[in-house]
file input.txt (compact mmCIF, C-alpha atoms)
# COMPACT_ATOMS: atom_id res chain seq x y z
CA MET V 267 -9.98 5.82 -4.79
CA SER V 268 -8.08 8.44 -6.79
CA THR V 269 -7.82 7.68 -10.51
CA PHE V 270 -4.53 9.56 -10.87
CA VAL V 271 -3.01 7.66 -7.95
CA LYS V 272 -4.14 4.34 -9.43
CA ILE V 273 -2.55 5.27 -12.77
CA LYS V 274 0.76 6.19 -11.09
CA ALA V 275 0.71 2.93 -9.13
CA LEU V 276 0.07 0.86 -12.25
CA LYS V 277 2.58 2.62 -14.54
CA PRO V 278 5.40 0.06 -14.12
CA SER V 279 3.09 -2.75 -15.35
CA LEU V 280 1.42 -0.96 -18.30
CA SER V 281 1.81 -1.87 -21.95
CA SER V 282 3.18 0.73 -24.38
CA SER V 283 -0.32 1.83 -25.44
CA GLU V 284 -1.52 1.97 -21.84
CA ALA V 285 1.59 3.94 -20.85
CA LYS V 286 0.78 6.55 -23.54
CA LEU V 287 -2.74 6.91 -22.15
CA ALA V 288 -1.38 7.09 -18.60
CA ASP V 289 1.09 9.84 -19.53
CA PHE V 290 -1.59 11.80 -21.40
CA THR V 291 -4.04 11.53 -18.49
CA LEU V 292 -1.49 12.60 -15.89
CA SER V 293 -0.05 15.47 -17.93
CA SER V 294 -3.16 16.67 -19.81
CA GLY V 295 -6.05 15.36 -17.73
CA ALA V 296 -8.03 18.59 -18.14
CA LYS V 297 -8.33 17.95 -21.88
CA ILE V 298 -10.22 14.72 -21.22
CA ARG V 299 -13.19 16.76 -19.98
CA SER V 300 -14.14 17.55 -23.59
CA LEU V 301 -12.84 14.45 -25.40
CA SER V 302 -14.67 11.39 -26.64
CA SER V 303 -12.95 8.00 -26.51
CA VAL V 304 -12.14 8.32 -30.22
CA GLU V 305 -10.62 11.77 -29.74
CA LEU V 306 -8.61 10.67 -26.71
CA ALA V 307 -7.26 7.71 -28.67
CA LYS V 308 -6.18 10.01 -31.51
CA GLN V 309 -4.45 12.52 -29.21
CA ALA V 310 -2.66 9.80 -27.24
CA GLY V 311 -1.66 7.93 -30.39
CA VAL V 312 -3.43 4.66 -29.61
CA SER V 313 -6.48 2.74 -30.78
CA GLN V 314 -9.97 3.30 -29.40
CA SER V 315 -10.02 -0.26 -28.06
CA SER V 316 -6.88 0.59 -26.06
CA VAL V 317 -8.79 3.43 -24.38
CA VAL V 318 -11.59 1.07 -23.35
CA LYS V 319 -9.15 -1.58 -22.10
CA PHE V 320 -7.22 1.07 -20.17
CA ALA V 321 -10.40 2.26 -18.45
CA GLN V 322 -11.32 -1.33 -17.57
CA LYS V 323 -7.83 -2.04 -16.22
CA LEU V 324 -8.34 0.85 -13.81
CA GLY V 325 -11.58 -0.75 -12.62
CA TYR V 326 -14.14 1.22 -14.66
CA LYS V 327 -16.83 -0.32 -16.87
CA GLY V 328 -15.89 1.88 -19.80
CA PHE V 329 -14.69 5.28 -20.99
CA PRO V 330 -17.64 7.34 -19.61
CA ALA V 331 -17.03 6.12 -16.04
CA PHE V 332 -13.28 6.70 -16.44
CA LYS V 333 -13.90 10.24 -17.74
CA LEU V 334 -16.14 11.09 -14.78
CA ALA V 335 -13.51 9.79 -12.36
CA VAL V 336 -10.82 11.92 -14.01
CA ILE V 337 -13.07 15.00 -13.73
CA ASP V 338 -13.65 14.24 -10.03
CA ASP V 339 -9.89 14.04 -9.48
CA LEU V 340 -9.32 17.31 -11.34
CA ASN V 341 -11.93 19.04 -9.19
CA LEU V 342 -10.30 17.67 -6.04
CA GLN V 343 -6.87 18.85 -7.20
CA THR V 344 -8.27 22.37 -7.62
CA LYS V 345 -9.34 22.35 -3.98
CA GLN V 346 -6.26 20.53 -2.70
CA PRO V 347 -3.29 21.06 -5.05
CA GLU V 348 -0.62 18.37 -4.87
CA PRO V 349 2.75 19.35 -3.39
CA ALA V 350 5.40 20.13 -5.97
CA HIS V 351 8.62 18.16 -5.89
CA SER V 352 11.41 17.33 -8.30
CA HIS V 353 14.15 14.77 -8.79
CA ILE V 354 17.18 14.81 -6.53
CA THR V 355 20.42 15.31 -8.45
CA HIS V 356 24.11 14.88 -7.62
CA ALA V 357 24.52 18.69 -7.70
CA ASP V 358 21.92 19.33 -4.98
CA PRO V 359 23.24 20.68 -1.63
CA ILE V 360 22.15 18.87 1.52
CA ASP V 361 19.42 21.38 2.40
CA LEU V 362 17.81 21.00 -1.03
CA ILE V 363 18.08 17.20 -0.80
CA ALA V 364 16.27 17.36 2.54
CA GLN V 365 13.52 19.59 1.10
CA LYS V 366 13.00 17.43 -1.99
CA LEU V 367 12.97 14.20 0.03
CA LEU V 368 10.39 15.67 2.41
CA ALA V 369 8.20 16.65 -0.55
CA HIS V 370 8.51 13.11 -1.99
CA GLN V 371 7.57 11.57 1.36
CA GLN V 372 4.57 13.85 1.79
CA SER V 373 3.40 12.97 -1.72
CA ILE V 374 3.80 9.24 -1.05
CA LEU V 375 1.77 9.48 2.17
CA ASP V 376 -0.97 11.40 0.38
CA GLU V 377 -1.11 8.87 -2.47
CA THR V 378 -1.17 5.92 -0.05
CA HIS V 379 -4.08 7.51 1.79
CA LYS V 380 -5.99 8.00 -1.48
CA LEU V 381 -5.29 4.45 -2.65
CA ASN V 382 -6.89 2.76 0.38
CA ASP V 383 -10.49 3.32 1.41
CA VAL V 384 -12.17 2.91 4.78
CA LYS V 385 -13.71 -0.47 3.89
CA GLN V 386 -10.27 -1.96 3.23
CA PHE V 387 -8.96 -0.78 6.61
CA GLU V 388 -12.11 -1.99 8.39
CA ALA V 389 -11.79 -5.43 6.79
CA ALA V 390 -8.13 -5.65 7.85
CA ILE V 391 -8.91 -4.55 11.41
CA GLY V 392 -11.77 -7.05 11.64
CA ALA V 393 -9.52 -9.90 10.48
CA ILE V 394 -6.81 -9.01 13.00
CA LYS V 395 -9.34 -8.82 15.84
CA ALA V 396 -10.87 -12.17 14.91
CA ALA V 397 -7.58 -14.06 14.57
CA LYS V 398 -6.48 -16.52 17.23
CA ARG V 399 -2.92 -16.46 15.88
CA ILE V 400 -1.21 -14.06 13.49
CA LEU V 401 1.83 -14.80 11.36
CA LEU V 402 3.61 -11.98 9.52
CA CYS V 403 5.70 -13.03 6.55
CA ALA V 404 8.09 -10.87 4.49
CA VAL V 405 11.62 -10.81 3.13
CA GLY V 406 14.27 -8.15 2.52
CA GLY V 407 13.38 -4.58 3.41
CA SER V 408 9.75 -5.49 3.96
CA PHE V 409 10.73 -7.75 6.88
CA THR V 410 11.61 -4.72 9.01
CA MET V 411 8.01 -3.59 8.48
CA ALA V 412 6.72 -7.07 9.45
CA GLN V 413 8.82 -7.02 12.62
CA ASP V 414 7.58 -3.56 13.52
CA PHE V 415 3.96 -4.57 12.98
CA ALA V 416 4.39 -7.77 15.00
CA LEU V 417 5.86 -5.81 17.94
CA LYS V 418 2.99 -3.32 17.79
CA LEU V 419 0.42 -6.14 17.84
CA GLN V 420 2.28 -7.83 20.71
CA LYS V 421 1.98 -4.58 22.71
CA LEU V 422 -1.79 -5.03 22.49
CA GLY V 423 -1.50 -8.60 23.73
CA LEU V 424 -2.25 -10.12 20.34
CA PRO V 425 -0.54 -13.43 19.43
CA ALA V 426 1.57 -12.19 16.50
CA ILE V 427 5.02 -13.29 15.32
CA ALA V 428 7.11 -12.29 12.30
CA GLN V 429 9.13 -14.83 10.32
CA THR V 430 11.67 -14.14 7.59
CA ASP V 431 12.92 -17.73 7.34
CA GLU V 432 10.67 -19.62 4.91
CA LEU V 433 11.10 -22.97 6.66
CA SER V 434 10.04 -21.52 10.02
CA ALA V 435 7.12 -19.69 8.42
CA ALA V 436 6.04 -22.82 6.53
CA SER V 437 6.22 -24.88 9.71
CA TYR V 438 4.08 -22.35 11.57
CA ILE V 439 1.52 -21.82 8.80
CA ALA V 440 1.05 -25.59 8.51
CA THR V 441 -0.73 -25.51 11.88
CA MET V 442 -2.90 -22.47 11.07
CA GLY V 443 -6.44 -22.49 9.71
CA LYS V 444 -9.61 -20.50 9.20
CA ASP V 445 -9.48 -18.92 12.67
CA ASP V 446 -5.95 -17.53 12.18
CA LEU V 447 -4.44 -14.85 9.93
CA LEU V 448 -1.41 -14.56 7.67
CA ILE V 449 -0.20 -11.01 6.99
CA ALA V 450 2.10 -10.99 3.96
CA ILE V 451 4.12 -7.88 3.12
CA SER V 452 5.72 -7.71 -0.32
CA ASP V 453 5.97 -4.60 -2.47
CA SER V 454 6.26 -6.53 -5.73
CA GLY V 455 3.80 -9.24 -4.69
CA GLN V 456 6.11 -11.72 -6.41
CA SER V 457 8.54 -12.83 -3.72
CA LYS V 458 8.75 -16.60 -4.21
CA SER V 459 9.17 -17.51 -0.55
CA VAL V 460 6.27 -15.26 0.53
CA LEU V 461 4.09 -16.69 -2.24
CA ARG V 462 4.82 -20.27 -1.15
CA VAL V 463 3.75 -19.47 2.42
CA ALA V 464 0.66 -17.64 1.10
CA ARG V 465 -0.34 -20.67 -1.01
CA GLN V 466 -0.01 -22.91 2.03
CA ALA V 467 -2.23 -20.53 3.99
CA ARG V 468 -4.83 -20.60 1.22
CA ASN V 469 -4.74 -24.41 1.16
CA ASN V 470 -5.42 -24.36 4.91
CA ASN V 471 -8.31 -21.87 4.47
CA CYS V 472 -6.30 -19.38 6.53
CA PRO V 473 -7.29 -15.76 5.74
CA LEU V 474 -4.58 -13.66 4.06
CA LEU V 475 -4.09 -9.92 4.56
CA CYS V 476 -1.71 -8.58 1.94
CA LEU V 477 0.27 -5.32 1.89
CA SER V 478 1.55 -4.88 -1.65
CA ARG V 479 1.64 -2.44 -4.53
CA TYR V 480 -1.61 -1.69 -6.36
CA GLY V 481 -2.31 -3.78 -9.45
CA ILE V 482 -2.34 -7.38 -10.59
CA ASN V 483 0.28 -9.60 -8.97
CA PRO V 484 0.19 -13.16 -7.59
CA LEU V 485 0.02 -12.11 -3.94
CA ASN V 486 -2.83 -9.63 -4.48
CA GLU V 487 -4.82 -12.29 -6.32
CA MET V 488 -4.49 -14.75 -3.43
CA ALA V 489 -5.33 -12.27 -0.67
CA SER V 490 -8.60 -12.20 1.25
CA ILE V 491 -7.97 -8.53 2.10
CA ASN V 492 -5.75 -6.05 0.27
CA LEU V 493 -4.04 -2.87 1.41
CA TYR V 494 -1.90 -1.07 -1.16
CA ASN V 495 1.43 0.64 -0.67
CA VAL V 496 2.76 3.17 -3.16
CA THR V 497 6.02 2.68 -5.02
CA GLY V 498 7.59 6.06 -5.74
CA ASP V 499 10.57 7.19 -7.81
CA GLU V 500 13.23 6.32 -5.25
CA PRO V 501 16.03 8.92 -4.79
CA VAL V 502 18.54 6.06 -4.46
CA ARG V 503 17.96 2.94 -6.54
CA HIS V 504 16.82 -0.15 -4.60
CA ALA V 505 16.81 1.80 -1.31
CA SER V 506 13.02 1.38 -0.91
CA MET V 507 12.83 4.53 1.20
CA LEU V 508 9.50 5.72 -0.19
CA THR V 509 8.01 2.22 -0.25
CA ARG V 510 8.91 1.87 3.44
CA ILE V 511 7.20 5.20 4.20
CA SER V 512 4.05 3.95 2.48
CA GLN V 513 4.06 0.57 4.24
CA SER V 514 4.72 2.21 7.60
CA TYR V 515 1.71 4.49 7.12
CA LEU V 516 -0.59 1.51 6.52
CA ILE V 517 0.75 -0.31 9.56
CA ASP V 518 0.42 2.74 11.80
CA VAL V 519 -3.19 3.37 10.70
CA LEU V 520 -4.07 -0.23 11.59
CA PHE V 521 -2.24 -0.09 14.93
CA VAL V 522 -3.79 3.20 16.04
CA ALA V 523 -7.27 2.08 14.95
CA LEU V 524 -6.88 -1.20 16.83
CA THR V 525 -5.61 0.55 19.95
CA GLN V 526 -8.43 3.09 19.97
CA SER V 527 -11.08 0.41 19.42
CA ASN V 528 -10.48 -1.39 22.72
CA LEU V 529 -9.87 0.18 26.14
CA ARG V 530 -8.16 -2.97 27.40
CA TRP V 531 -5.73 -2.85 24.47
CA GLN V 532 -5.01 0.82 25.17
CA LYS V 533 -4.04 -0.07 28.73
CA ARG V 534 -1.88 -2.95 27.53
CA ALA V 535 -0.02 -0.66 25.11
CA GLU V 536 0.54 1.88 27.88
CA ARG V 537 1.78 -0.84 30.24
CA ALA V 538 4.13 -2.22 27.58
CA ASN V 539 5.56 1.24 26.97
CA GLU V 540 6.07 1.75 30.72
CA HIS V 541 7.94 -1.56 31.01
CA MET V 542 10.15 -0.67 28.03
CA TYR V 543 10.89 2.72 29.60
CA ASP V 544 11.85 1.08 32.90
CA ILE V 545 14.21 -1.36 31.16
CA ARG V 546 15.89 1.40 29.16
CA HIS V 547 16.47 3.56 32.23
CA SER V 548 17.30 0.93 34.83
call {"tool": "encode", "arguments": {"input": "input.txt", "output": "structure tokens"}}
result
Amino acid sequence: MSTFVKIKALKPSLSSSEAKLADFTLSSGAKIRSLSSVELAKQAGVSQSSVVKFAQKLGYKGFPAFKLAVIDDLNLQTKQPEPAHSHITHADPIDLIAQKLLAHQQSILDETHKLNDVKQFEAAIGAIKAAKRILLCAVGGSFTMAQDFALKLQKLGLPAIAQTDELSAASYIATMGKDDLLIAISDSGQSKSVLRVARQARNNNCPLLCLSRYGINPLNEMASINLYNVTGDEPVRHASMLTRISQSYLIDVLFVALTQSNLRWQKRAERANEHMYDIRHS
């Protein structure tokens, strides 16, 4: 998993000292090649203990492991430079807005890919295959993603439903257990209604697949399986355009992998598409 992507994903939740280290790493990562933890602390304007804690927060045992991961990322960037993009401003003409938004979306997709490894996807696919019933729970903008995922799973003949109403979701999850699956989608991982349903699932020993932003949040901590969406610098505040792109990518990877893993499911998806075509053109 890319160190730089993890740092970007965690930035909103970092302390002031951690934010200084994050900014230094992202802007001057090449300097870290030749720095000790003491020297990095001095250049970033923090204590040495902050450097160690920062490395551990990113999932590394200490500074040496963090430094090696940064070097690996730098080497990868040399081979595959990241696309350049900049902020959209009120003075931008429509063609420039379109170009900048495309660059942002491409960057978000790339970061989402780097943030999730094969084992995470395999665990999610295994849980979906094993589930007798699947409940998808989300609120707000994330609910459109839950609906989309539920419809995709239904095309394969899987028993999936999406619920935005907490009472309906709570009623359904009350009957679910270890052989079922709750898929919770929440960018913040702190939606109160989603968390209440997730707690009920945990109390029933029902597995929980969570799609949320990378880092520590209540939903991630409860999940049996985690997939991480990326939260970018949205062109329009609270529009969640880039978050939706990231969530959609995760859902599409799961759907395509599920479809390709089972010939019977492929035929079901094809048949469902044929029926939908007939209805639209009848």
call {"tool": "residues_near_point", "arguments": {"input": "input.txt", "point": "(-0.8, 8.3, -18.7)", "cutoff": "10 Å", "atoms": "only C-alpha atoms", "output": "PyMOL selection string"}}
result
chain V and resi 270+273-274+276-277+280+283-295+310+320
call {"tool": "atom_distance", "arguments": {"input": "input.txt", "atom1": "CA of Leu401 (chain V)", "atom2": "CA of His379 (chain V)"}}
result
25.0 Å
call {"tool": "residues_around", "arguments": {"input": "input.txt", "residues": "region 525-540 of chain V", "least_positions_apart": "3", "cutoff": "9 Å", "atoms": "all atoms listed in the file", "output": "PyMOL selection string"}}
result
chain V and resi 418+420-423+520-522+543-545
call {"tool": "atom_distance", "arguments": {"input": "input.txt", "atom1": "CA of Ser281 (chain V)", "atom2": "CA of Val318 (chain V)"}}
result
13.8 Å
call {"tool": "closest_residue", "arguments": {"input": "input.txt", "among": "V:Asn483, V:Gln343, V:Ser303, V:Gln365", "to": "Gln456 (chain V)", "atoms": "only C-alpha atoms"}}
result
V:Asn483
call {"tool": "closest_residue", "arguments": {"input": "input.txt", "among": "V:Ile400, V:Ala335, V:Leu340, V:Val463", "to": "Ala321 (chain V)", "atoms": "only C-alpha atoms"}}
result
V:Ala335
call {"tool": "residues_around", "arguments": {"input": "input.txt", "residues": "Ile374 (chain V)", "least_positions_apart": "4", "cutoff": "9 Å", "atoms": "all atoms listed in the file", "output": "VMD selection string"}}
result
chain V and resid 369 to 370 378 to 379 495 to 498 508 to 509 511 to 512
call {"tool": "atom_distance", "arguments": {"input": "input.txt", "atom1": "CA of Leu516 (chain V)", "atom2": "CA of Leu493 (chain V)"}}
result
7.6 Å
call {"tool": "residues_around", "arguments": {"input": "input.txt", "residues": "Leu334 (chain V)", "least_positions_apart": "4", "cutoff": "12 Å", "atoms": "all atoms listed in the file", "output": "list in words"}}
result
Ser268, Thr269, Gly295, Ala296, Ile298, Arg299, Ser300, Leu301, Ser302, Ala321, Tyr326, Lys327, Gly328, Phe329, Pro330, Asp338, Asp339, Leu340 and Asn341 of chain V
call {"tool": "write_last_selection", "arguments": {"input": "input.txt", "atoms": "C-alpha atoms", "output": "PDB file, in the coordinates of the input"}}
result
ATOM      1  CA  SER V 268      -8.080   8.440  -6.790  1.00  0.00           C
ATOM      2  CA  THR V 269      -7.820   7.680 -10.510  1.00  0.00           C
ATOM      3  CA  GLY V 295      -6.050  15.360 -17.730  1.00  0.00           C
ATOM      4  CA  ALA V 296      -8.030  18.590 -18.140  1.00  0.00           C
ATOM      5  CA  ILE V 298     -10.220  14.720 -21.220  1.00  0.00           C
ATOM      6  CA  ARG V 299     -13.190  16.760 -19.980  1.00  0.00           C
ATOM      7  CA  SER V 300     -14.140  17.550 -23.590  1.00  0.00           C
ATOM      8  CA  LEU V 301     -12.840  14.450 -25.400  1.00  0.00           C
ATOM      9  CA  SER V 302     -14.670  11.390 -26.640  1.00  0.00           C
ATOM     10  CA  ALA V 321     -10.400   2.260 -18.450  1.00  0.00           C
ATOM     11  CA  TYR V 326     -14.140   1.220 -14.660  1.00  0.00           C
ATOM     12  CA  LYS V 327     -16.830  -0.320 -16.870  1.00  0.00           C
ATOM     13  CA  GLY V 328     -15.890   1.880 -19.800  1.00  0.00           C
ATOM     14  CA  PHE V 329     -14.690   5.280 -20.990  1.00  0.00           C
ATOM     15  CA  PRO V 330     -17.640   7.340 -19.610  1.00  0.00           C
ATOM     16  CA  ASP V 338     -13.650  14.240 -10.030  1.00  0.00           C
ATOM     17  CA  ASP V 339      -9.890  14.040  -9.480  1.00  0.00           C
ATOM     18  CA  LEU V 340      -9.320  17.310 -11.340  1.00  0.00           C
ATOM     19  CA  ASN V 341     -11.930  19.040  -9.190  1.00  0.00           C
TER      20      ASN V 341
END
call {"tool": "closest_atom_pairs", "arguments": {"input": "input.txt", "of": "region 456-548 of chain V", "to": "region 426-450 of chain V", "cutoff": "6 Å", "atoms": "all atoms listed in the file", "output": "tab-separated table"}}
result
residue	atom	partner	partner_atom	distance
V:Val463	CA	V:Ala436	CA	5.8
V:Asn470	CA	V:Gly443	CA	5.3
V:Asn471	CA	V:Lys444	CA	5.1
V:Cys472	CA	V:Lys444	CA	4.4
V:Pro473	CA	V:Leu447	CA	5.1
V:Leu474	CA	V:Leu448	CA	4.9
V:Leu475	CA	V:Ile449	CA	4.7
V:Cys476	CA	V:Ala450	CA	4.9
call {"tool": "residues_near_point", "arguments": {"input": "input.txt", "point": "(8.0, -9.4, 8.5)", "cutoff": "6 Å", "atoms": "all atoms listed in the file", "output": "CSV table (one decimal) with C-alpha atoms, in the frame of the given file"}}
result
chain,number,residue,atom,x,y,z
V,402,LEU,CA,3.6,-12.0,9.5
V,403,CYS,CA,5.7,-13.0,6.6
V,404,ALA,CA,8.1,-10.9,4.5
V,409,PHE,CA,10.7,-7.8,6.9
V,410,THR,CA,11.6,-4.7,9.0
V,411,MET,CA,8.0,-3.6,8.5
V,412,ALA,CA,6.7,-7.1,9.4
V,413,GLN,CA,8.8,-7.0,12.6
V,428,ALA,CA,7.1,-12.3,12.3
V,429,GLN,CA,9.1,-14.8,10.3
call {"tool": "closest_residue", "arguments": {"input": "input.txt", "among": "V:Leu417, V:Val336, V:Val312, V:Leu424", "to": "Ala396 (chain V)", "atoms": "only C-alpha atoms"}}
result
V:Leu424
call {"tool": "closest_residue", "arguments": {"input": "input.txt", "among": "V:Ser352, V:Ala416, V:Lys385, V:Ile363", "to": "Arg399 (chain V)", "atoms": "all atoms listed in the file"}}
result
V:Ala416
call {"tool": "closest_residue", "arguments": {"input": "input.txt", "among": "V:Gly406, V:Lys458, V:Thr355, V:Tyr494", "to": "Lys272 (chain V)", "atoms": "all atoms listed in the file"}}
result
V:Tyr494
call {"tool": "decode", "arguments": {"input": "input.txt", "residues": "region 291-312 of chain V", "atoms": "N, CA, C and O atoms", "output": "JSON list (two decimals), in the first residue's frame"}}
result
[["chain", "number", "residue", "atom", "x", "y", "z"],
["V", 291, "THR", "N", 6.91, 15.18, 4.11],
["V", 291, "THR", "CA", 7.08, 13.93, 3.37],
["V", 291, "THR", "C", 6.53, 14.05, 1.95],
["V", 291, "THR", "O", 7.15, 13.59, 0.99],
["V", 292, "LEU", "N", 5.36, 14.67, 1.83],
["V", 292, "LEU", "CA", 4.73, 14.78, 0.51],
["V", 292, "LEU", "C", 5.44, 15.78, -0.40],
["V", 292, "LEU", "O", 5.50, 15.60, -1.61],
["V", 293, "SER", "N", 5.98, 16.85, 0.20],
["V", 293, "SER", "CA", 6.62, 17.89, -0.61],
["V", 293, "SER", "C", 8.12, 17.69, -0.78],
["V", 293, "SER", "O", 8.70, 18.12, -1.78],
["V", 294, "SER", "N", 8.77, 17.04, 0.20],
["V", 294, "SER", "CA", 10.22, 16.89, 0.16],
["V", 294, "SER", "C", 10.64, 15.46, 0.48],
["V", 294, "SER", "O", 11.63, 15.23, 1.18],
["V", 295, "GLY", "N", 9.86, 14.50, -0.02],
["V", 295, "GLY", "CA", 10.12, 13.10, 0.30],
["V", 295, "GLY", "C", 11.51, 12.63, -0.07],
["V", 295, "GLY", "O", 12.10, 11.79, 0.63],
["V", 296, "ALA", "N", 12.07, 13.19, -1.15],
["V", 296, "ALA", "CA", 13.41, 12.76, -1.58],
["V", 296, "ALA", "C", 14.47, 13.05, -0.53],
["V", 296, "ALA", "O", 15.48, 12.33, -0.45],
["V", 297, "LYS", "N", 14.26, 14.07, 0.27],
["V", 297, "LYS", "CA", 15.25, 14.41, 1.31],
["V", 297, "LYS", "C", 15.32, 13.33, 2.39],
["V", 297, "LYS", "O", 16.35, 13.18, 3.05],
["V", 298, "ILE", "N", 14.22, 12.60, 2.58],
["V", 298, "ILE", "CA", 14.17, 11.61, 3.65],
["V", 298, "ILE", "C", 15.16, 10.47, 3.38],
["V", 298, "ILE", "O", 15.60, 9.79, 4.32],
["V", 299, "ARG", "N", 15.53, 10.28, 2.12],
["V", 299, "ARG", "CA", 16.51, 9.23, 1.78],
["V", 299, "ARG", "C", 17.76, 9.32, 2.64],
["V", 299, "ARG", "O", 18.33, 8.30, 3.04],
["V", 300, "SER", "N", 18.21, 10.54, 2.92],
["V", 300, "SER", "CA", 19.49, 10.74, 3.61],
["V", 300, "SER", "C", 19.35, 11.26, 5.04],
["V", 300, "SER", "O", 20.33, 11.65, 5.66],
["V", 301, "LEU", "N", 18.11, 11.27, 5.56],
["V", 301, "LEU", "CA", 17.89, 11.82, 6.90],
["V", 301, "LEU", "C", 17.72, 10.73, 7.95],
["V", 301, "LEU", "O", 17.15, 9.67, 7.68],
["V", 302, "SER", "N", 18.22, 11.01, 9.14],
["V", 302, "SER", "CA", 17.91, 10.18, 10.30],
["V", 302, "SER", "C", 16.61, 10.68, 10.91],
["V", 302, "SER", "O", 16.09, 11.73, 10.50],
["V", 303, "SER", "N", 16.08, 9.97, 11.87],
["V", 303, "SER", "CA", 14.83, 10.42, 12.52],
["V", 303, "SER", "C", 15.04, 11.75, 13.23],
["V", 303, "SER", "O", 14.15, 12.61, 13.23],
["V", 304, "VAL", "N", 16.22, 11.94, 13.80],
["V", 304, "VAL", "CA", 16.53, 13.20, 14.49],
["V", 304, "VAL", "C", 16.59, 14.35, 13.49],
["V", 304, "VAL", "O", 16.04, 15.44, 13.73],
["V", 305, "GLU", "N", 17.21, 14.10, 12.35],
["V", 305, "GLU", "CA", 17.34, 15.15, 11.33],
["V", 305, "GLU", "C", 15.99, 15.48, 10.70],
["V", 305, "GLU", "O", 15.69, 16.65, 10.42],
["V", 306, "LEU", "N", 15.16, 14.45, 10.48],
["V", 306, "LEU", "CA", 13.83, 14.70, 9.93],
["V", 306, "LEU", "C", 13.01, 15.53, 10.91],
["V", 306, "LEU", "O", 12.32, 16.47, 10.50],
["V", 307, "ALA", "N", 13.09, 15.20, 12.19],
["V", 307, "ALA", "CA", 12.35, 15.94, 13.21],
["V", 307, "ALA", "C", 12.76, 17.41, 13.20],
["V", 307, "ALA", "O", 11.90, 18.31, 13.27],
["V", 308, "LYS", "N", 14.05, 17.67, 13.07],
["V", 308, "LYS", "CA", 14.56, 19.04, 13.07],
["V", 308, "LYS", "C", 14.06, 19.81, 11.85],
["V", 308, "LYS", "O", 13.62, 20.96, 11.95],
["V", 309, "GLN", "N", 14.12, 19.18, 10.68],
["V", 309, "GLN", "CA", 13.71, 19.86, 9.45],
["V", 309, "GLN", "C", 12.20, 20.10, 9.40],
["V", 309, "GLN", "O", 11.74, 21.09, 8.83],
["V", 310, "ALA", "N", 11.44, 19.18, 9.99],
["V", 310, "ALA", "CA", 9.98, 19.34, 9.98],
["V", 310, "ALA", "C", 9.49, 20.21, 11.14],
["V", 310, "ALA", "O", 8.32, 20.61, 11.16],
["V", 311, "GLY", "N", 10.37, 20.47, 12.09],
["V", 311, "GLY", "CA", 9.99, 21.31, 13.23],
["V", 311, "GLY", "C", 9.16, 20.60, 14.27],
["V", 311, "GLY", "O", 8.26, 21.18, 14.87],
["V", 312, "VAL", "N", 9.49, 19.30, 14.50],
["V", 312, "VAL", "CA", 8.76, 18.51, 15.50],
["V", 312, "VAL", "C", 9.77, 17.76, 16.36],
["V", 312, "VAL", "O", 10.97, 17.80, 16.11]]
